[in-house]
file target.txt (compact mmCIF, N, CA and C atoms)
# COMPACT_ATOMS: atom_id res chain seq x y z
N MET A 1158 2.47 -14.32 -45.53
CA MET A 1158 1.19 -14.72 -44.99
C MET A 1158 0.09 -14.00 -45.75
N THR A 1159 -1.06 -14.63 -45.85
CA THR A 1159 -2.17 -14.06 -46.60
C THR A 1159 -3.15 -13.36 -45.66
N TYR A 1160 -3.49 -12.14 -46.02
CA TYR A 1160 -4.43 -11.34 -45.25
C TYR A 1160 -5.58 -10.93 -46.15
N LYS A 1161 -6.58 -10.30 -45.57
CA LYS A 1161 -7.73 -9.84 -46.33
C LYS A 1161 -7.67 -8.32 -46.41
N LEU A 1162 -7.62 -7.78 -47.62
CA LEU A 1162 -7.64 -6.34 -47.84
C LEU A 1162 -9.06 -5.97 -48.24
N THR A 1163 -9.73 -5.27 -47.33
CA THR A 1163 -11.14 -4.92 -47.55
C THR A 1163 -11.25 -3.42 -47.80
N THR A 1164 -11.99 -3.07 -48.83
CA THR A 1164 -12.25 -1.67 -49.15
C THR A 1164 -13.68 -1.36 -48.72
N TYR A 1165 -13.80 -0.35 -47.88
CA TYR A 1165 -15.10 0.08 -47.37
C TYR A 1165 -15.47 1.42 -47.99
N LYS A 1166 -16.75 1.57 -48.30
CA LYS A 1166 -17.27 2.85 -48.75
C LYS A 1166 -17.97 3.47 -47.54
N THR A 1167 -17.49 4.66 -47.13
CA THR A 1167 -18.03 5.32 -45.95
C THR A 1167 -18.58 6.69 -46.33
N LEU A 1168 -19.15 7.36 -45.36
CA LEU A 1168 -19.67 8.71 -45.61
C LEU A 1168 -18.57 9.69 -45.96
N THR A 1169 -17.34 9.42 -45.50
CA THR A 1169 -16.22 10.33 -45.76
C THR A 1169 -15.35 9.87 -46.93
N GLY A 1170 -15.73 8.79 -47.60
CA GLY A 1170 -14.96 8.31 -48.74
C GLY A 1170 -14.57 6.85 -48.60
N LYS A 1171 -13.57 6.46 -49.37
CA LYS A 1171 -13.11 5.08 -49.41
C LYS A 1171 -12.07 4.84 -48.32
N GLN A 1172 -12.13 3.67 -47.68
CA GLN A 1172 -11.15 3.31 -46.66
C GLN A 1172 -10.74 1.85 -46.86
N GLU A 1173 -9.42 1.61 -46.93
CA GLU A 1173 -8.90 0.25 -47.08
C GLU A 1173 -8.31 -0.21 -45.75
N ILE A 1174 -8.65 -1.44 -45.37
CA ILE A 1174 -8.14 -1.99 -44.12
C ILE A 1174 -7.62 -3.40 -44.38
N LEU A 1175 -6.37 -3.64 -43.97
CA LEU A 1175 -5.79 -4.96 -44.05
C LEU A 1175 -6.15 -5.68 -42.76
N GLU A 1176 -6.77 -6.85 -42.88
CA GLU A 1176 -7.26 -7.57 -41.72
C GLU A 1176 -6.74 -9.01 -41.70
N THR A 1177 -6.66 -9.56 -40.50
CA THR A 1177 -6.32 -10.98 -40.41
C THR A 1177 -7.52 -11.78 -40.90
N ARG A 1178 -7.26 -12.95 -41.41
CA ARG A 1178 -8.36 -13.77 -41.93
C ARG A 1178 -9.22 -14.32 -40.80
N SER A 1179 -8.60 -14.60 -39.66
CA SER A 1179 -9.38 -15.05 -38.50
C SER A 1179 -9.55 -13.85 -37.59
N LYS A 1180 -10.74 -13.54 -37.26
CA LYS A 1180 -11.03 -12.35 -36.44
C LYS A 1180 -10.90 -12.69 -34.96
N LYS A 1181 -9.68 -12.90 -34.51
CA LYS A 1181 -9.43 -13.22 -33.10
C LYS A 1181 -9.03 -11.95 -32.35
N SER A 1182 -9.43 -11.86 -31.10
CA SER A 1182 -9.07 -10.70 -30.30
C SER A 1182 -7.61 -10.76 -29.84
N THR A 1183 -6.96 -11.89 -30.06
CA THR A 1183 -5.55 -12.06 -29.66
C THR A 1183 -4.60 -11.88 -30.83
N GLU A 1184 -5.13 -11.46 -31.96
CA GLU A 1184 -4.32 -11.29 -33.17
C GLU A 1184 -4.73 -9.99 -33.83
N ALA A 1185 -3.74 -9.20 -34.26
CA ALA A 1185 -4.07 -7.91 -34.88
C ALA A 1185 -2.95 -7.44 -35.78
N ILE A 1186 -3.33 -6.69 -36.80
CA ILE A 1186 -2.36 -6.00 -37.64
C ILE A 1186 -2.23 -4.60 -37.06
N VAL A 1187 -1.00 -4.23 -36.76
CA VAL A 1187 -0.73 -2.92 -36.18
C VAL A 1187 -0.24 -2.00 -37.29
N TYR A 1188 -0.87 -0.85 -37.38
CA TYR A 1188 -0.51 0.15 -38.37
C TYR A 1188 0.46 1.14 -37.76
N LYS A 1189 1.46 1.53 -38.55
CA LYS A 1189 2.38 2.59 -38.15
C LYS A 1189 2.24 3.69 -39.19
N ASP A 1190 1.90 4.88 -38.75
CA ASP A 1190 1.66 6.01 -39.65
C ASP A 1190 0.64 5.65 -40.74
N ASP A 1191 -0.43 4.98 -40.33
CA ASP A 1191 -1.55 4.59 -41.19
C ASP A 1191 -1.20 3.57 -42.28
N GLU A 1192 -0.10 2.85 -42.12
CA GLU A 1192 0.29 1.78 -43.05
C GLU A 1192 0.46 0.49 -42.26
N PRO A 1193 0.00 -0.66 -42.80
CA PRO A 1193 0.20 -1.93 -42.09
C PRO A 1193 1.69 -2.19 -41.89
N ALA A 1194 2.11 -2.43 -40.65
CA ALA A 1194 3.54 -2.54 -40.37
C ALA A 1194 3.93 -3.77 -39.56
N PHE A 1195 3.06 -4.22 -38.64
CA PHE A 1195 3.41 -5.31 -37.74
C PHE A 1195 2.24 -6.25 -37.53
N LEU A 1196 2.57 -7.49 -37.18
CA LEU A 1196 1.55 -8.47 -36.82
C LEU A 1196 1.77 -8.87 -35.37
N VAL A 1197 0.72 -8.79 -34.57
CA VAL A 1197 0.77 -9.24 -33.19
C VAL A 1197 -0.11 -10.48 -33.09
N ASP A 1198 0.48 -11.56 -32.59
CA ASP A 1198 -0.26 -12.80 -32.35
C ASP A 1198 0.11 -13.27 -30.95
N CYS A 1199 -0.78 -13.07 -30.03
CA CYS A 1199 -0.49 -13.37 -28.62
C CYS A 1199 -0.24 -14.86 -28.36
N PHE A 1200 -0.64 -15.71 -29.27
CA PHE A 1200 -0.42 -17.14 -29.07
C PHE A 1200 0.76 -17.68 -29.86
N ASP A 1201 1.50 -16.80 -30.53
CA ASP A 1201 2.75 -17.19 -31.18
C ASP A 1201 3.85 -17.07 -30.13
N LEU A 1202 4.08 -18.15 -29.41
CA LEU A 1202 5.03 -18.11 -28.29
C LEU A 1202 6.47 -18.38 -28.73
N LYS A 1203 6.71 -18.41 -30.04
CA LYS A 1203 8.07 -18.59 -30.57
C LYS A 1203 8.77 -17.25 -30.72
N THR A 1204 8.00 -16.18 -30.76
CA THR A 1204 8.55 -14.85 -30.97
C THR A 1204 8.47 -14.07 -29.66
N GLU A 1205 9.61 -13.56 -29.20
CA GLU A 1205 9.70 -12.92 -27.90
C GLU A 1205 8.74 -11.74 -27.75
N SER A 1206 8.61 -10.91 -28.78
CA SER A 1206 7.71 -9.76 -28.65
C SER A 1206 6.25 -10.21 -28.53
N ASN A 1207 5.89 -11.31 -29.17
CA ASN A 1207 4.54 -11.83 -29.04
C ASN A 1207 4.31 -12.44 -27.65
N VAL A 1208 5.35 -13.01 -27.06
CA VAL A 1208 5.25 -13.51 -25.68
C VAL A 1208 5.00 -12.34 -24.74
N GLN A 1209 5.71 -11.23 -24.96
CA GLN A 1209 5.50 -10.02 -24.15
C GLN A 1209 4.07 -9.50 -24.32
N MET A 1210 3.59 -9.50 -25.56
CA MET A 1210 2.22 -9.04 -25.83
C MET A 1210 1.21 -9.98 -25.16
N ASN A 1211 1.50 -11.27 -25.15
CA ASN A 1211 0.65 -12.24 -24.47
C ASN A 1211 0.49 -11.84 -23.01
N TYR A 1212 1.60 -11.50 -22.38
CA TYR A 1212 1.56 -11.09 -20.98
C TYR A 1212 0.75 -9.79 -20.81
N LEU A 1213 1.02 -8.81 -21.66
CA LEU A 1213 0.36 -7.51 -21.54
C LEU A 1213 -1.14 -7.58 -21.80
N VAL A 1214 -1.53 -8.40 -22.78
CA VAL A 1214 -2.94 -8.47 -23.17
C VAL A 1214 -3.71 -9.48 -22.31
N LEU A 1215 -3.20 -10.70 -22.27
CA LEU A 1215 -3.96 -11.76 -21.60
C LEU A 1215 -3.78 -11.79 -20.09
N CYS A 1216 -2.55 -11.71 -19.65
CA CYS A 1216 -2.29 -11.81 -18.20
C CYS A 1216 -2.76 -10.57 -17.45
N GLN A 1217 -2.58 -9.42 -18.04
CA GLN A 1217 -3.03 -8.18 -17.39
C GLN A 1217 -4.47 -7.82 -17.75
N GLN A 1218 -5.07 -8.63 -18.60
CA GLN A 1218 -6.46 -8.46 -19.03
C GLN A 1218 -6.75 -7.06 -19.57
N LYS A 1219 -5.89 -6.62 -20.50
CA LYS A 1219 -6.10 -5.35 -21.19
C LYS A 1219 -6.49 -5.65 -22.63
N SER A 1220 -7.15 -4.72 -23.26
CA SER A 1220 -7.49 -4.91 -24.67
C SER A 1220 -6.25 -4.67 -25.52
N MET A 1221 -6.24 -5.27 -26.69
CA MET A 1221 -5.12 -5.10 -27.62
C MET A 1221 -4.96 -3.62 -27.97
N LYS A 1222 -6.07 -2.92 -28.20
CA LYS A 1222 -6.01 -1.49 -28.54
C LYS A 1222 -5.38 -0.67 -27.42
N THR A 1223 -5.73 -0.98 -26.18
CA THR A 1223 -5.18 -0.26 -25.03
C THR A 1223 -3.67 -0.44 -24.96
N VAL A 1224 -3.22 -1.68 -25.12
CA VAL A 1224 -1.79 -1.97 -25.05
C VAL A 1224 -1.05 -1.26 -26.19
N ILE A 1225 -1.59 -1.29 -27.40
CA ILE A 1225 -0.95 -0.64 -28.55
C ILE A 1225 -0.90 0.87 -28.33
N ASN A 1226 -1.95 1.46 -27.78
CA ASN A 1226 -1.94 2.90 -27.48
C ASN A 1226 -0.87 3.25 -26.45
N GLU A 1227 -0.72 2.41 -25.43
CA GLU A 1227 0.32 2.64 -24.42
C GLU A 1227 1.72 2.56 -25.03
N ILE A 1228 1.94 1.56 -25.89
CA ILE A 1228 3.23 1.40 -26.56
C ILE A 1228 3.51 2.60 -27.45
N SER A 1229 2.48 3.05 -28.14
CA SER A 1229 2.60 4.19 -29.04
C SER A 1229 3.03 5.45 -28.29
N LYS A 1230 2.38 5.73 -27.17
CA LYS A 1230 2.71 6.92 -26.38
C LYS A 1230 4.10 6.81 -25.77
N LYS A 1231 4.41 5.64 -25.22
CA LYS A 1231 5.69 5.44 -24.54
C LYS A 1231 6.88 5.61 -25.50
N ASN A 1232 6.72 5.16 -26.75
CA ASN A 1232 7.82 5.18 -27.71
C ASN A 1232 7.71 6.31 -28.73
N ASN A 1233 6.71 7.17 -28.56
CA ASN A 1233 6.52 8.31 -29.44
C ASN A 1233 6.44 7.91 -30.93
N VAL A 1234 5.62 6.88 -31.21
CA VAL A 1234 5.37 6.45 -32.58
C VAL A 1234 3.85 6.43 -32.80
N ASN A 1235 3.44 6.55 -34.03
CA ASN A 1235 2.02 6.58 -34.37
C ASN A 1235 1.55 5.16 -34.71
N LEU A 1236 1.11 4.42 -33.68
CA LEU A 1236 0.62 3.06 -33.88
C LEU A 1236 -0.88 3.02 -33.67
N SER A 1237 -1.55 2.13 -34.43
CA SER A 1237 -2.99 1.98 -34.26
C SER A 1237 -3.43 0.61 -34.78
N ILE A 1238 -4.62 0.23 -34.38
CA ILE A 1238 -5.26 -0.97 -34.91
C ILE A 1238 -6.53 -0.48 -35.59
N LYS A 1239 -6.67 -0.78 -36.86
CA LYS A 1239 -7.84 -0.30 -37.61
C LYS A 1239 -8.95 -1.34 -37.58
N GLU A 1240 -10.15 -0.85 -37.49
CA GLU A 1240 -11.35 -1.69 -37.53
C GLU A 1240 -12.29 -1.16 -38.60
N ALA A 1241 -13.20 -2.01 -39.01
CA ALA A 1241 -14.17 -1.60 -40.02
C ALA A 1241 -14.99 -0.43 -39.51
N PRO A 1242 -15.22 0.58 -40.36
CA PRO A 1242 -16.04 1.72 -39.96
C PRO A 1242 -17.46 1.26 -39.62
N VAL A 1243 -18.10 1.95 -38.67
CA VAL A 1243 -19.44 1.56 -38.23
C VAL A 1243 -20.45 1.74 -39.37
N LEU A 1244 -20.45 2.91 -39.97
CA LEU A 1244 -21.36 3.17 -41.10
C LEU A 1244 -20.60 2.99 -42.40
N SER A 1245 -20.67 1.78 -42.95
CA SER A 1245 -19.92 1.52 -44.18
C SER A 1245 -20.56 0.39 -44.97
N ILE A 1246 -20.15 0.33 -46.21
CA ILE A 1246 -20.55 -0.76 -47.11
C ILE A 1246 -19.27 -1.38 -47.63
N VAL A 1247 -19.20 -2.71 -47.60
CA VAL A 1247 -18.03 -3.39 -48.13
C VAL A 1247 -18.08 -3.28 -49.65
N LYS A 1248 -17.07 -2.63 -50.20
CA LYS A 1248 -17.01 -2.41 -51.64
C LYS A 1248 -16.33 -3.60 -52.32
N SER A 1249 -15.21 -4.05 -51.72
CA SER A 1249 -14.50 -5.22 -52.26
C SER A 1249 -13.65 -5.83 -51.16
N SER A 1250 -13.29 -7.08 -51.39
CA SER A 1250 -12.44 -7.78 -50.45
C SER A 1250 -11.57 -8.75 -51.26
N VAL A 1251 -10.26 -8.60 -51.13
CA VAL A 1251 -9.33 -9.46 -51.86
C VAL A 1251 -8.27 -9.99 -50.90
N GLU A 1252 -7.69 -11.12 -51.26
CA GLU A 1252 -6.60 -11.65 -50.46
C GLU A 1252 -5.30 -10.99 -50.91
N LYS A 1253 -4.45 -10.70 -49.93
CA LYS A 1253 -3.19 -10.04 -50.23
C LYS A 1253 -2.08 -10.72 -49.45
N GLU A 1254 -1.00 -11.01 -50.13
CA GLU A 1254 0.16 -11.65 -49.52
C GLU A 1254 1.11 -10.56 -49.02
N VAL A 1255 1.35 -10.54 -47.71
CA VAL A 1255 2.21 -9.52 -47.09
C VAL A 1255 3.00 -10.18 -45.97
N GLU A 1256 4.26 -9.81 -45.84
CA GLU A 1256 5.07 -10.27 -44.71
C GLU A 1256 5.15 -9.14 -43.69
N LEU A 1257 4.60 -9.37 -42.53
CA LEU A 1257 4.61 -8.38 -41.46
C LEU A 1257 5.43 -8.91 -40.29
N PRO A 1258 6.42 -8.14 -39.83
CA PRO A 1258 7.23 -8.57 -38.69
C PRO A 1258 6.47 -8.36 -37.38
N PRO A 1259 6.92 -8.97 -36.30
CA PRO A 1259 6.33 -8.68 -34.99
C PRO A 1259 6.76 -7.29 -34.53
N LEU A 1260 6.14 -6.80 -33.49
CA LEU A 1260 6.54 -5.51 -32.91
C LEU A 1260 7.99 -5.57 -32.46
N PRO A 1261 8.74 -4.48 -32.59
CA PRO A 1261 10.11 -4.46 -32.09
C PRO A 1261 10.14 -4.71 -30.57
N LEU A 1262 11.00 -5.59 -30.15
CA LEU A 1262 11.07 -5.98 -28.75
C LEU A 1262 11.40 -4.80 -27.84
N GLU A 1263 12.24 -3.87 -28.31
CA GLU A 1263 12.63 -2.73 -27.48
C GLU A 1263 11.45 -1.82 -27.15
N TRP A 1264 10.37 -1.85 -27.95
CA TRP A 1264 9.19 -1.06 -27.65
C TRP A 1264 8.42 -1.63 -26.46
N LEU A 1265 8.63 -2.90 -26.16
CA LEU A 1265 7.83 -3.57 -25.14
C LEU A 1265 8.48 -3.58 -23.76
N ASP A 1266 9.65 -3.03 -23.65
CA ASP A 1266 10.35 -3.02 -22.34
C ASP A 1266 9.75 -2.02 -21.39
call {"tool": "encode", "arguments": {"input": "target.txt", "output": "structure tokens"}}
result
Amino acid sequence: MTYKLTTYKTLTGKQEILETRSKKSTEAIVYKDDEPAFLVDCFDLKTESNVQMNYLVLCQQKSMKTVINEISKKNNVNLSIKEAPVLSIVKSSVEKEVELPPLPLEWLD
């Protein structure tokens, strides 16, 4: 799948963020140890972990970041969702082809 790799120039230096092309609140790239690792799409009902995320995010009306933080703490892994820095300048933006799996189902139990 094709994503957008954006490089931002910030006060603390350069920051690269892999982002989905459509900026939906129901879709996110989840980073593990500061590297893009998983794709969550709450409307992809073909994948069991995404169905679980659909329930956690939409049915329980929690934000994607809140749910990812809870999963991170519960499973003792370093997960995060990166967003563009507030004070930044877009230095470059390129398309990047990456295959990202859904979140492991055992993390969502």
call {"tool": "atom_distance", "arguments": {"input": "target.txt", "atom1": "CA of Val1208 (chain A)", "atom2": "CA of Val1234 (chain A)"}}
result
21.1 Å
call {"tool": "closest_residue", "arguments": {"input": "target.txt", "among": "A:Cys1199, A:Glu1176, A:Tyr1165, A:Ser1182", "to": "Pro1259 (chain A)", "atoms": "only C-alpha atoms"}}
result
A:Cys1199
call {"tool": "select_by_dssp", "arguments": {"input": "target.txt", "residues": "chain A", "states": "strand (DSSP E or B)", "output": "mmCIF file with N, CA and C atoms, in the frame of the given file"}}
result
data_model
loop_
_atom_site.group_PDB
_atom_site.id
_atom_site.type_symbol
_atom_site.label_atom_id
_atom_site.label_comp_id
_atom_site.auth_asym_id
_atom_site.auth_seq_id
_atom_site.Cartn_x
_atom_site.Cartn_y
_atom_site.Cartn_z
ATOM 1 N N THR A 1159 -1.060 -14.630 -45.850
ATOM 2 C CA THR A 1159 -2.170 -14.060 -46.600
ATOM 3 C C THR A 1159 -3.150 -13.360 -45.660
ATOM 4 N N TYR A 1160 -3.490 -12.140 -46.020
ATOM 5 C CA TYR A 1160 -4.430 -11.340 -45.250
ATOM 6 C C TYR A 1160 -5.580 -10.930 -46.150
ATOM 7 N N LYS A 1161 -6.580 -10.300 -45.570
ATOM 8 C CA LYS A 1161 -7.730 -9.840 -46.330
ATOM 9 C C LYS A 1161 -7.670 -8.320 -46.410
ATOM 10 N N LEU A 1162 -7.620 -7.780 -47.620
ATOM 11 C CA LEU A 1162 -7.640 -6.340 -47.840
ATOM 12 C C LEU A 1162 -9.060 -5.970 -48.240
ATOM 13 N N THR A 1163 -9.730 -5.270 -47.330
ATOM 14 C CA THR A 1163 -11.140 -4.920 -47.550
ATOM 15 C C THR A 1163 -11.250 -3.420 -47.800
ATOM 16 N N THR A 1164 -11.990 -3.070 -48.830
ATOM 17 C CA THR A 1164 -12.250 -1.670 -49.150
ATOM 18 C C THR A 1164 -13.680 -1.360 -48.720
ATOM 19 N N TYR A 1165 -13.800 -0.350 -47.880
ATOM 20 C CA TYR A 1165 -15.100 0.080 -47.370
ATOM 21 C C TYR A 1165 -15.470 1.420 -47.990
ATOM 22 N N LYS A 1166 -16.750 1.570 -48.300
ATOM 23 C CA LYS A 1166 -17.270 2.850 -48.750
ATOM 24 C C LYS A 1166 -17.970 3.470 -47.540
ATOM 25 N N THR A 1167 -17.490 4.660 -47.130
ATOM 26 C CA THR A 1167 -18.030 5.320 -45.950
ATOM 27 C C THR A 1167 -18.580 6.690 -46.330
ATOM 28 N N GLY A 1170 -15.730 8.790 -47.600
ATOM 29 C CA GLY A 1170 -14.960 8.310 -48.740
ATOM 30 C C GLY A 1170 -14.570 6.850 -48.600
ATOM 31 N N LYS A 1171 -13.570 6.460 -49.370
ATOM 32 C CA LYS A 1171 -13.110 5.080 -49.410
ATOM 33 C C LYS A 1171 -12.070 4.840 -48.320
ATOM 34 N N GLN A 1172 -12.130 3.670 -47.680
ATOM 35 C CA GLN A 1172 -11.150 3.310 -46.660
ATOM 36 C C GLN A 1172 -10.740 1.850 -46.860
ATOM 37 N N GLU A 1173 -9.420 1.610 -46.930
ATOM 38 C CA GLU A 1173 -8.900 0.250 -47.080
ATOM 39 C C GLU A 1173 -8.310 -0.210 -45.750
ATOM 40 N N ILE A 1174 -8.650 -1.440 -45.370
ATOM 41 C CA ILE A 1174 -8.140 -1.990 -44.120
ATOM 42 C C ILE A 1174 -7.620 -3.400 -44.380
ATOM 43 N N LEU A 1175 -6.370 -3.640 -43.970
ATOM 44 C CA LEU A 1175 -5.790 -4.960 -44.050
ATOM 45 C C LEU A 1175 -6.150 -5.680 -42.760
ATOM 46 N N GLU A 1176 -6.770 -6.850 -42.880
ATOM 47 C CA GLU A 1176 -7.260 -7.570 -41.720
ATOM 48 C C GLU A 1176 -6.740 -9.010 -41.700
ATOM 49 N N GLU A 1184 -5.130 -11.460 -31.960
ATOM 50 C CA GLU A 1184 -4.320 -11.290 -33.170
ATOM 51 C C GLU A 1184 -4.730 -9.990 -33.830
ATOM 52 N N ALA A 1185 -3.740 -9.200 -34.260
ATOM 53 C CA ALA A 1185 -4.070 -7.910 -34.880
ATOM 54 C C ALA A 1185 -2.950 -7.440 -35.780
ATOM 55 N N ILE A 1186 -3.330 -6.690 -36.800
ATOM 56 C CA ILE A 1186 -2.360 -6.000 -37.640
ATOM 57 C C ILE A 1186 -2.230 -4.600 -37.060
ATOM 58 N N VAL A 1187 -1.000 -4.230 -36.760
ATOM 59 C CA VAL A 1187 -0.730 -2.920 -36.180
ATOM 60 C C VAL A 1187 -0.240 -2.000 -37.290
ATOM 61 N N TYR A 1188 -0.870 -0.850 -37.380
ATOM 62 C CA TYR A 1188 -0.510 0.150 -38.370
ATOM 63 C C TYR A 1188 0.460 1.140 -37.760
ATOM 64 N N LYS A 1189 1.460 1.530 -38.550
ATOM 65 C CA LYS A 1189 2.380 2.590 -38.150
ATOM 66 C C LYS A 1189 2.240 3.690 -39.190
ATOM 67 N N GLU A 1192 -0.100 2.850 -42.120
ATOM 68 C CA GLU A 1192 0.290 1.780 -43.050
ATOM 69 C C GLU A 1192 0.460 0.490 -42.260
ATOM 70 N N PRO A 1193 0.000 -0.660 -42.800
ATOM 71 C CA PRO A 1193 0.200 -1.930 -42.090
ATOM 72 C C PRO A 1193 1.690 -2.190 -41.890
ATOM 73 N N ALA A 1194 2.110 -2.430 -40.650
ATOM 74 C CA ALA A 1194 3.540 -2.540 -40.370
ATOM 75 C C ALA A 1194 3.930 -3.770 -39.560
ATOM 76 N N PHE A 1195 3.060 -4.220 -38.640
ATOM 77 C CA PHE A 1195 3.410 -5.310 -37.740
ATOM 78 C C PHE A 1195 2.240 -6.250 -37.530
ATOM 79 N N LEU A 1196 2.570 -7.490 -37.180
ATOM 80 C CA LEU A 1196 1.550 -8.470 -36.820
ATOM 81 C C LEU A 1196 1.770 -8.870 -35.370
ATOM 82 N N VAL A 1197 0.720 -8.790 -34.570
ATOM 83 C CA VAL A 1197 0.770 -9.240 -33.190
ATOM 84 C C VAL A 1197 -0.110 -10.480 -33.090
ATOM 85 N N ASP A 1198 0.480 -11.560 -32.590
ATOM 86 C CA ASP A 1198 -0.260 -12.800 -32.350
ATOM 87 C C ASP A 1198 0.110 -13.270 -30.950
ATOM 88 N N LEU A 1236 1.110 4.420 -33.680
ATOM 89 C CA LEU A 1236 0.620 3.060 -33.880
ATOM 90 C C LEU A 1236 -0.880 3.020 -33.670
ATOM 91 N N SER A 1237 -1.550 2.130 -34.430
ATOM 92 C CA SER A 1237 -2.990 1.980 -34.260
ATOM 93 C C SER A 1237 -3.430 0.610 -34.780
ATOM 94 N N SER A 1245 -20.670 1.780 -42.950
ATOM 95 C CA SER A 1245 -19.920 1.520 -44.180
ATOM 96 C C SER A 1245 -20.560 0.390 -44.970
ATOM 97 N N ILE A 1246 -20.150 0.330 -46.210
ATOM 98 C CA ILE A 1246 -20.550 -0.760 -47.110
ATOM 99 C C ILE A 1246 -19.270 -1.380 -47.630
ATOM 100 N N VAL A 1247 -19.200 -2.710 -47.600
ATOM 101 C CA VAL A 1247 -18.030 -3.390 -48.130
ATOM 102 C C VAL A 1247 -18.080 -3.280 -49.650
ATOM 103 N N LYS A 1248 -17.070 -2.630 -50.200
ATOM 104 C CA LYS A 1248 -17.010 -2.410 -51.640
ATOM 105 C C LYS A 1248 -16.330 -3.600 -52.320
ATOM 106 N N SER A 1249 -15.210 -4.050 -51.720
ATOM 107 C CA SER A 1249 -14.500 -5.220 -52.260
ATOM 108 C C SER A 1249 -13.650 -5.830 -51.160
ATOM 109 N N SER A 1250 -13.290 -7.080 -51.390
ATOM 110 C CA SER A 1250 -12.440 -7.780 -50.450
ATOM 111 C C SER A 1250 -11.570 -8.750 -51.260
ATOM 112 N N VAL A 1251 -10.260 -8.600 -51.130
ATOM 113 C CA VAL A 1251 -9.330 -9.460 -51.860
ATOM 114 C C VAL A 1251 -8.270 -9.990 -50.900
ATOM 115 N N GLU A 1252 -7.690 -11.120 -51.260
ATOM 116 C CA GLU A 1252 -6.600 -11.650 -50.460
ATOM 117 C C GLU A 1252 -5.300 -10.990 -50.910
ATOM 118 N N LYS A 1253 -4.450 -10.700 -49.930
ATOM 119 C CA LYS A 1253 -3.190 -10.040 -50.230
ATOM 120 C C LYS A 1253 -2.080 -10.720 -49.450
ATOM 121 N N GLU A 1254 -1.000 -11.010 -50.130
ATOM 122 C CA GLU A 1254 0.160 -11.650 -49.520
ATOM 123 C C GLU A 1254 1.110 -10.560 -49.020
#
call {"tool": "residues_around", "arguments": {"input": "target.txt", "residues": "Lys1222 (chain A)", "least_positions_apart": "5", "cutoff": "8 Å", "atoms": "all atoms listed in the file", "output": "count of residues only"}}
result
4
call {"tool": "atom_distance", "arguments": {"input": "target.txt", "atom1": "atom N of Leu1175 (chain A)", "atom2": "CA of Gln1217 (chain A)"}}
result
27.2 Å
call {"tool": "atom_distance", "arguments": {"input": "target.txt", "atom1": "CA of Thr1169 (chain A)", "atom2": "CA of Leu1244 (chain A)"}}
result
10.0 Å
call {"tool": "closest_residue", "arguments": {"input": "target.txt", "among": "A:Asp1198, A:Gly1170, A:Lys1248, A:Pro1242", "to": "Ile1186 (chain A)", "atoms": "only N, CA and C atoms"}}
result
A:Asp1198
call {"tool": "closest_residue", "arguments": {"input": "target.txt", "among": "A:Gln1172, A:Lys1161, A:Ala1185, A:Trp1264", "to": "Lys1231 (chain A)", "atoms": "only C-alpha atoms"}}
result
A:Trp1264
call {"tool": "closest_residue", "arguments": {"input": "target.txt", "among": "A:Asp1201, A:Glu1263, A:Asp1190, A:Glu1254", "to": "Leu1162 (chain A)", "atoms": "all atoms listed in the file"}}
result
A:Glu1254
call {"tool": "closest_residue", "arguments": {"input": "target.txt", "among": "A:Val1251, A:Val1243, A:Leu1260, A:Val1224", "to": "Thr1177 (chain A)", "atoms": "only C-alpha atoms"}}
result
A:Val1251
call {"tool": "select_by_dssp", "arguments": {"input": "target.txt", "residues": "chain A", "states": "helix (DSSP H, G or I)", "output": "ChimeraX atom specification"}}
result
/A:1205-1216,1221-1232,1262-1265
call {"tool": "closest_residue", "arguments": {"input": "target.txt", "among": "A:Lys1239, A:Ser1245, A:Leu1265, A:Glu1256", "to": "Thr1159 (chain A)", "atoms": "all atoms listed in the file"}}
result
A:Glu1256
call {"tool": "residues_near_point", "arguments": {"input": "target.txt", "point": "(7.1, -15.0, -30.4)", "cutoff": "12 Å", "atoms": "only C-alpha atoms", "output": "ChimeraX atom specification"}}
result
/A:1196-1212,1258-1262
call {"tool": "residues_around", "arguments": {"input": "target.txt", "residues": "Tyr1188 (chain A)", "least_positions_apart": "3", "cutoff": "7 Å", "atoms": "only N, CA and C atoms", "output": "PyMOL selection string"}}
result
chain A and resi 1191-1195+1235-1239
